[in-house]
Amino acid sequence: MHWDDLRIFLAVARDGSISSAAKRMNVQHSTVSRRIRLLETQLGTRLIERKKSGYELTPAGDELRMAAGKMELEVLEVEGALGGQEDRVAGELRVSAINNMASSVMMPIFASFSEAYPDIQLHVQVSNRYVSLAERHADIAIRLTNTPLDTLVGTKLTNVASAVYGERGYVEALRASEAKPKWLGVECCAFHQAWTGTACPDHQHNFFVDDTLLTLAALKQGLGLAYLPCFMGDSAEQLERFREPDPAHDLGLWLLYHPDLRRTKRVRVFREHMMARIRDQSALFEGRRPQPQEASPVAVELSPLPRF
C-alpha cells in the first residue's frame with residue numbers, strides 16, 4: 001500500500017464523501033474512486049459502502065482508518081522533527097477562516113505570507129461553522145471565540161470588538177427624531193442573535209440576514225441597525241456607530257491547531273506571521289479610534305497567551 005492511497009482513504013473516511021475528499025485533496029473524483037478500489041483489491045475486502053446518507057466504513061474500513069490515522073501521526077512527528085532543521089519551508093497548509101475576515105482584512109495578510117513563503121501551498125477555506133482539526137479538515141482554524149477547545153493548541157491574536165452601526169443618514173435622522181430604531185433580524189451567529197435580542201426584545205424585524213457580509217450590505221441601504229465587528233463597521237464610509245463597543249461583547253480572535261502539528265515548521269511560521277500582522281492592526285480589531293489630538297492609534301504590544 002502507498003501512503004498517498006491511505007491519505008485519500010482517510011479523507012473519504014473523515015468526510016463521508018468522495019466529492020468532498022477529492023476537493024480537499026485537490027484531485028479528481030475519478031482518482032479518489034480508483035484509489036479506493038485499488039486499496040480494496042490489494043486488501044481483498046470492501047472498505048466503504050454507499051448509503052443514502054453518504055459513504056460508510058465497513059468493519060475492515062474502520063480498522064484501516066485507525067491504522068492509517070496512527071501512520072499519519074508518525075508522519076507528522078517526523079515532519080515536525082526534521083522540518084524544523086531546514087531553512088526552506090514547503091508543503092501544503094490548509095487554513096479555515098471566517099468569511100467576513102478572509103475576504104477582507106485577512107486577505108492582505110494571507111497574500112504577504114504567500115509572497116514570503118512561495119514554496120508553501122496555502123489553501124484558504126471559508127467556514128463559519130465547526131471544523132474538525134483532529135480529522136484534518138484543516139491544519140489551522142482562525143476563529144472568534146472566548147471558549148476555545150482545550151484539546152487544541154492555540155494563540156490568542158487579539159480581541160475583536162463589536163458596535164451597533166447604521167447608515168449615516170439613518171443614524172442622524174434617528175438621533176434627531178428620537179424615533180424607535182429599526183433592527184435587522186440577524187441569524188449569522190449565536191453572538192449577534194443574543195445581542196440583538198437584548199437590544200430589541202420585542203423581536204419586531206421585517207428584514208433578516210444570515211451572514212455578516214449581508215448585514216453590512218443591508219446597513220448601507222439604510223434598512224436599520226445591527227451589530228457588526230468594528231473592523232467591518234469602521235471600514236465602511238457609509239456607516240456610523242449608533243452605540244460604542246461594549247467590552248462585554250469582545251470576542252477573542254484565536255489561531256488554533258492540533259497538538260500533533262505543533263512542531264511542523266510551516267504551521268509555526270504561519271502563526272508567527274499572523275501574530276505580527278495582527279499586532280500591527282490591533283486598533284482596527286479592538287475598535288480603538290485615535291483621539292482628536294492624536295495622529296494615529298497608540299501601538300499596543302500583544303504577547304501570545306500560554307498554550308493550552
# chains A, B, ... in the order shown; residues from 1 in each chain; ligands from 1
>>> closest_atom_pairs(of="stretch 145-215 of chain A", to="stretch 257-272 of chain A", cutoff="8 Å", atoms="only C-alpha atoms", output="tab-separated table")
residue	atom	partner	partner_atom	distance
A:Thr151	CA	A:His258	CA	7.6
A:Leu152	CA	A:His258	CA	5.0
A:Val153	CA	A:Tyr257	CA	5.4
A:Gly154	CA	A:Tyr257	CA	6.4
>>> write_last_selection(atoms="N, CA and C atoms", output="compact mmCIF listing (two decimals), in the first residue's frame")
# COMPACT_ATOMS: atom_id res chain seq x y z
N THR A 151 -8.65 20.81 23.74
CA THR A 151 -7.92 19.73 23.08
C THR A 151 -7.02 20.27 21.97
N LEU A 152 -7.06 21.58 21.72
CA LEU A 152 -6.27 22.19 20.67
C LEU A 152 -5.18 23.07 21.26
N VAL A 153 -4.16 23.34 20.45
CA VAL A 153 -3.13 24.31 20.79
C VAL A 153 -3.57 25.63 20.19
N GLY A 154 -3.46 26.72 20.95
CA GLY A 154 -3.95 27.98 20.43
C GLY A 154 -3.13 29.17 20.84
>>> closest_residue(among="A:Trp195, A:Phe231, A:Phe9, A:Phe113", to="A:Val32", atoms="only C-alpha atoms")
A:Phe9
>>> atom_distance(atom1="atom CA of A:Thr212", atom2="atom CA of A:Ala22")
29.5 Å
>>> closest_residue(among="A:Met25, A:Val164, A:Ile278, A:Leu6", to="A:His192", atoms="only C-alpha atoms")
A:Val164
>>> closest_residue(among="A:Phe110, A:Phe208, A:Tyr170, A:Tyr55", to="A:Arg241", atoms="only C-alpha atoms")
A:Tyr170
>>> select_by_dssp(residues="stretch 12-239 of chain A", states="alpha helix (DSSP H)", output="ChimeraX atom specification")
/A:12-15,18-25,29-43,59-83,99-102,107-116,168-177,190-199,212-220,230-233
>>> closest_residue(among="A:Cys200, A:Leu223, A:Leu174, A:Ala141", to="A:Leu255", atoms="only C-alpha atoms")
A:Ala141
>>> residues_around(residues="A:Thr145", least_positions_apart="2", cutoff="6 Å", atoms="only C-alpha atoms", output="VMD selection string")
chain A and resid 147 251 to 252
>>> write_last_selection(atoms="C-alpha atoms", output="short mmCIF file (atom, residue, chain, number, x, y, z; two decimals), in the first residue's frame")
data_model
loop_
_atom_site.label_atom_id
_atom_site.label_comp_id
_atom_site.auth_asym_id
_atom_site.auth_seq_id
_atom_site.Cartn_x
_atom_site.Cartn_y
_atom_site.Cartn_z
CA THR A 147 -14.02 29.36 24.90
CA LEU A 251 -14.52 38.09 21.34
CA GLY A 252 -11.08 36.55 21.21
#
>>> closest_residue(among="A:Arg7, A:Asp211, A:Met274, A:Glu178", to="A:Gly69", atoms="only C-alpha atoms")
A:Arg7
>>> closest_residue(among="A:Gln238, A:Ser19, A:Ser127, A:Asn146", to="A:Gln221", atoms="only C-alpha atoms")
A:Gln238
>>> atom_distance(atom1="atom CA of A:Leu10", atom2="atom CA of A:Leu93")
17.3 Å
>>> atom_distance(atom1="atom CA of A:Ala116", atom2="atom CA of A:Leu73")
27.9 Å
>>> residues_around(residues="A:Ile109", least_positions_apart="2", cutoff="12 Å", atoms="only C-alpha atoms", output="PyMOL selection string")
chain A and resi 101-107+111-116+124+270-281
>>> select_by_dssp(residues="stretch 186-244 of chain A", states="strand (DSSP E)", output="count of residues only")
12
>>> decode(residues="stretch 50-175 of chain A", atoms="C-alpha atoms", output="PDB file, in the first residue's frame")
ATOM      1  CA  ARG A  50     -22.514   3.601  -0.262  1.00  0.00           C
ATOM      2  CA  LYS A  51     -25.597   4.549   1.753  1.00  0.00           C
ATOM      3  CA  LYS A  52     -28.351   7.097   1.155  1.00  0.00           C
ATOM      4  CA  SER A  53     -26.668   9.420   3.638  1.00  0.00           C
ATOM      5  CA  GLY A  54     -23.237   9.044   2.012  1.00  0.00           C
ATOM      6  CA  TYR A  55     -20.371   6.594   2.337  1.00  0.00           C
ATOM      7  CA  GLU A  56     -19.930   4.479   5.466  1.00  0.00           C
ATOM      8  CA  LEU A  57     -16.965   2.411   6.521  1.00  0.00           C
ATOM      9  CA  THR A  58     -17.187  -1.348   6.723  1.00  0.00           C
ATOM     10  CA  PRO A  59     -15.635  -3.037   9.791  1.00  0.00           C
ATOM     11  CA  ALA A  60     -12.478  -3.551   7.725  1.00  0.00           C
ATOM     12  CA  GLY A  61     -12.558   0.101   6.650  1.00  0.00           C
ATOM     13  CA  ASP A  62     -12.875   1.261  10.241  1.00  0.00           C
ATOM     14  CA  GLU A  63      -9.881  -0.870  11.203  1.00  0.00           C
ATOM     15  CA  LEU A  64      -7.850   0.590   8.350  1.00  0.00           C
ATOM     16  CA  ARG A  65      -8.911   4.131   9.348  1.00  0.00           C
ATOM     17  CA  MET A  66      -7.454   3.653  12.834  1.00  0.00           C
ATOM     18  CA  ALA A  67      -4.229   2.155  11.477  1.00  0.00           C
ATOM     19  CA  ALA A  68      -3.830   4.885   8.844  1.00  0.00           C
ATOM     20  CA  GLY A  69      -4.507   7.543  11.485  1.00  0.00           C
ATOM     21  CA  LYS A  70      -1.599   6.208  13.566  1.00  0.00           C
ATOM     22  CA  MET A  71       0.618   6.285  10.485  1.00  0.00           C
ATOM     23  CA  GLU A  72      -0.414   9.883   9.859  1.00  0.00           C
ATOM     24  CA  LEU A  73       0.666  10.858  13.378  1.00  0.00           C
ATOM     25  CA  GLU A  74       4.050   9.233  12.799  1.00  0.00           C
ATOM     26  CA  VAL A  75       4.497  11.125   9.525  1.00  0.00           C
ATOM     27  CA  LEU A  76       3.634  14.414  11.251  1.00  0.00           C
ATOM     28  CA  GLU A  77       6.094  13.681  14.064  1.00  0.00           C
ATOM     29  CA  VAL A  78       8.901  13.002  11.591  1.00  0.00           C
ATOM     30  CA  GLU A  79       7.991  16.056   9.543  1.00  0.00           C
ATOM     31  CA  GLY A  80       7.985  18.235  12.643  1.00  0.00           C
ATOM     32  CA  ALA A  81      11.320  16.893  13.882  1.00  0.00           C
ATOM     33  CA  LEU A  82      13.143  17.085  10.552  1.00  0.00           C
ATOM     34  CA  GLY A  83      11.298  20.047   9.048  1.00  0.00           C
ATOM     35  CA  GLY A  84      12.493  22.307  11.835  1.00  0.00           C
ATOM     36  CA  GLN A  85      16.088  21.709  10.733  1.00  0.00           C
ATOM     37  CA  GLU A  86      15.510  23.016   7.216  1.00  0.00           C
ATOM     38  CA  ASP A  87      15.794  26.645   6.135  1.00  0.00           C
ATOM     39  CA  ARG A  88      13.388  26.052   3.254  1.00  0.00           C
ATOM     40  CA  VAL A  89       9.731  25.754   4.290  1.00  0.00           C
ATOM     41  CA  ALA A  90       7.480  23.879   1.870  1.00  0.00           C
ATOM     42  CA  GLY A  91       4.329  21.802   1.653  1.00  0.00           C
ATOM     43  CA  GLU A  92       0.562  22.284   1.910  1.00  0.00           C
ATOM     44  CA  LEU A  93      -1.090  24.396   4.592  1.00  0.00           C
ATOM     45  CA  ARG A  94      -4.886  24.431   4.904  1.00  0.00           C
ATOM     46  CA  VAL A  95      -6.336  27.360   6.821  1.00  0.00           C
ATOM     47  CA  SER A  96     -10.009  27.623   7.748  1.00  0.00           C
ATOM     48  CA  ALA A  97     -11.059  31.239   8.303  1.00  0.00           C
ATOM     49  CA  ILE A  98     -14.286  33.160   8.871  1.00  0.00           C
ATOM     50  CA  ASN A  99     -15.869  34.508   5.704  1.00  0.00           C
ATOM     51  CA  ASN A 100     -16.086  38.175   6.681  1.00  0.00           C
ATOM     52  CA  MET A 101     -12.407  38.206   7.704  1.00  0.00           C
ATOM     53  CA  ALA A 102     -10.963  36.025   4.963  1.00  0.00           C
ATOM     54  CA  SER A 103     -12.490  38.150   2.209  1.00  0.00           C
ATOM     55  CA  SER A 104     -11.489  41.492   3.716  1.00  0.00           C
ATOM     56  CA  VAL A 105      -8.975  42.282   6.431  1.00  0.00           C
ATOM     57  CA  MET A 106      -7.213  38.884   6.362  1.00  0.00           C
ATOM     58  CA  MET A 107      -6.599  38.676   2.625  1.00  0.00           C
ATOM     59  CA  PRO A 108      -3.622  41.095   2.564  1.00  0.00           C
ATOM     60  CA  ILE A 109      -2.106  39.109   5.441  1.00  0.00           C
ATOM     61  CA  PHE A 110      -2.568  35.828   3.580  1.00  0.00           C
ATOM     62  CA  ALA A 111      -1.112  37.421   0.445  1.00  0.00           C
ATOM     63  CA  SER A 112       2.002  38.677   2.248  1.00  0.00           C
ATOM     64  CA  PHE A 113       2.521  35.233   3.802  1.00  0.00           C
ATOM     65  CA  SER A 114       2.261  33.559   0.398  1.00  0.00           C
ATOM     66  CA  GLU A 115       4.777  36.031  -1.005  1.00  0.00           C
ATOM     67  CA  ALA A 116       7.180  35.433   1.889  1.00  0.00           C
ATOM     68  CA  TYR A 117       6.897  31.623   1.639  1.00  0.00           C
ATOM     69  CA  PRO A 118       6.320  30.803  -2.044  1.00  0.00           C
ATOM     70  CA  ASP A 119       7.048  27.078  -1.548  1.00  0.00           C
ATOM     71  CA  ILE A 120       4.073  26.691   0.804  1.00  0.00           C
ATOM     72  CA  GLN A 121       0.819  25.864  -0.974  1.00  0.00           C
ATOM     73  CA  LEU A 122      -1.675  27.917   1.042  1.00  0.00           C
ATOM     74  CA  HIS A 123      -5.286  26.734   0.857  1.00  0.00           C
ATOM     75  CA  VAL A 124      -7.749  29.197   2.404  1.00  0.00           C
ATOM     76  CA  GLN A 125     -11.088  27.587   3.226  1.00  0.00           C
ATOM     77  CA  VAL A 126     -14.055  29.681   4.295  1.00  0.00           C
ATOM     78  CA  SER A 127     -16.239  28.250   7.031  1.00  0.00           C
ATOM     79  CA  ASN A 128     -18.197  29.917   9.831  1.00  0.00           C
ATOM     80  CA  ARG A 129     -19.005  26.541  11.367  1.00  0.00           C
ATOM     81  CA  TYR A 130     -17.131  23.949  13.374  1.00  0.00           C
ATOM     82  CA  VAL A 131     -14.152  22.427  11.596  1.00  0.00           C
ATOM     83  CA  SER A 132     -12.581  19.238  12.951  1.00  0.00           C
ATOM     84  CA  LEU A 133      -8.838  19.778  13.178  1.00  0.00           C
ATOM     85  CA  ALA A 134      -8.456  16.314  14.706  1.00  0.00           C
ATOM     86  CA  GLU A 135      -9.783  14.819  11.464  1.00  0.00           C
ATOM     87  CA  ARG A 136      -7.607  17.131   9.345  1.00  0.00           C
ATOM     88  CA  HIS A 137     -10.436  19.123   7.790  1.00  0.00           C
ATOM     89  CA  ALA A 138      -7.880  21.909   8.103  1.00  0.00           C
ATOM     90  CA  ASP A 139      -4.421  22.382   9.607  1.00  0.00           C
ATOM     91  CA  ILE A 140      -5.244  25.734  11.201  1.00  0.00           C
ATOM     92  CA  ALA A 141      -8.531  27.360  12.153  1.00  0.00           C
ATOM     93  CA  ILE A 142      -8.912  31.100  12.748  1.00  0.00           C
ATOM     94  CA  ARG A 143     -11.955  31.559  14.952  1.00  0.00           C
ATOM     95  CA  LEU A 144     -13.805  34.088  17.098  1.00  0.00           C
ATOM     96  CA  THR A 145     -14.465  32.555  20.496  1.00  0.00           C
ATOM     97  CA  ASN A 146     -13.972  33.097  24.208  1.00  0.00           C
ATOM     98  CA  THR A 147     -14.017  29.358  24.902  1.00  0.00           C
ATOM     99  CA  PRO A 148     -11.577  27.566  22.573  1.00  0.00           C
ATOM    100  CA  LEU A 149     -11.436  23.792  22.815  1.00  0.00           C
ATOM    101  CA  ASP A 150      -8.888  22.620  25.366  1.00  0.00           C
ATOM    102  CA  THR A 151      -7.916  19.730  23.075  1.00  0.00           C
ATOM    103  CA  LEU A 152      -6.267  22.188  20.665  1.00  0.00           C
ATOM    104  CA  VAL A 153      -3.134  24.307  20.794  1.00  0.00           C
ATOM    105  CA  GLY A 154      -3.954  27.976  20.427  1.00  0.00           C
ATOM    106  CA  THR A 155      -2.618  31.504  20.333  1.00  0.00           C
ATOM    107  CA  LYS A 156      -4.908  34.449  21.003  1.00  0.00           C
ATOM    108  CA  LEU A 157      -4.116  37.032  18.357  1.00  0.00           C
ATOM    109  CA  THR A 158      -6.217  39.920  19.679  1.00  0.00           C
ATOM    110  CA  ASN A 159      -9.693  40.897  20.870  1.00  0.00           C
ATOM    111  CA  VAL A 160     -12.374  41.763  18.324  1.00  0.00           C
ATOM    112  CA  ALA A 161     -14.801  44.478  19.418  1.00  0.00           C
ATOM    113  CA  SER A 162     -18.319  44.972  18.072  1.00  0.00           C
ATOM    114  CA  ALA A 163     -20.576  48.036  17.991  1.00  0.00           C
ATOM    115  CA  VAL A 164     -24.040  48.980  16.740  1.00  0.00           C
ATOM    116  CA  TYR A 165     -23.937  50.551  13.275  1.00  0.00           C
ATOM    117  CA  GLY A 166     -26.342  52.180  10.857  1.00  0.00           C
ATOM    118  CA  GLU A 167     -26.206  54.129   7.619  1.00  0.00           C
ATOM    119  CA  ARG A 168     -25.053  57.693   8.379  1.00  0.00           C
ATOM    120  CA  GLY A 169     -28.230  59.402   7.163  1.00  0.00           C
ATOM    121  CA  TYR A 170     -30.430  56.942   9.045  1.00  0.00           C
ATOM    122  CA  VAL A 171     -28.445  57.355  12.275  1.00  0.00           C
ATOM    123  CA  GLU A 172     -28.591  61.159  12.046  1.00  0.00           C
ATOM    124  CA  ALA A 173     -32.352  61.101  11.415  1.00  0.00           C
ATOM    125  CA  LEU A 174     -32.843  58.637  14.246  1.00  0.00           C
ATOM    126  CA  ARG A 175     -30.988  60.816  16.720  1.00  0.00           C
TER     127      ARG A 175
END
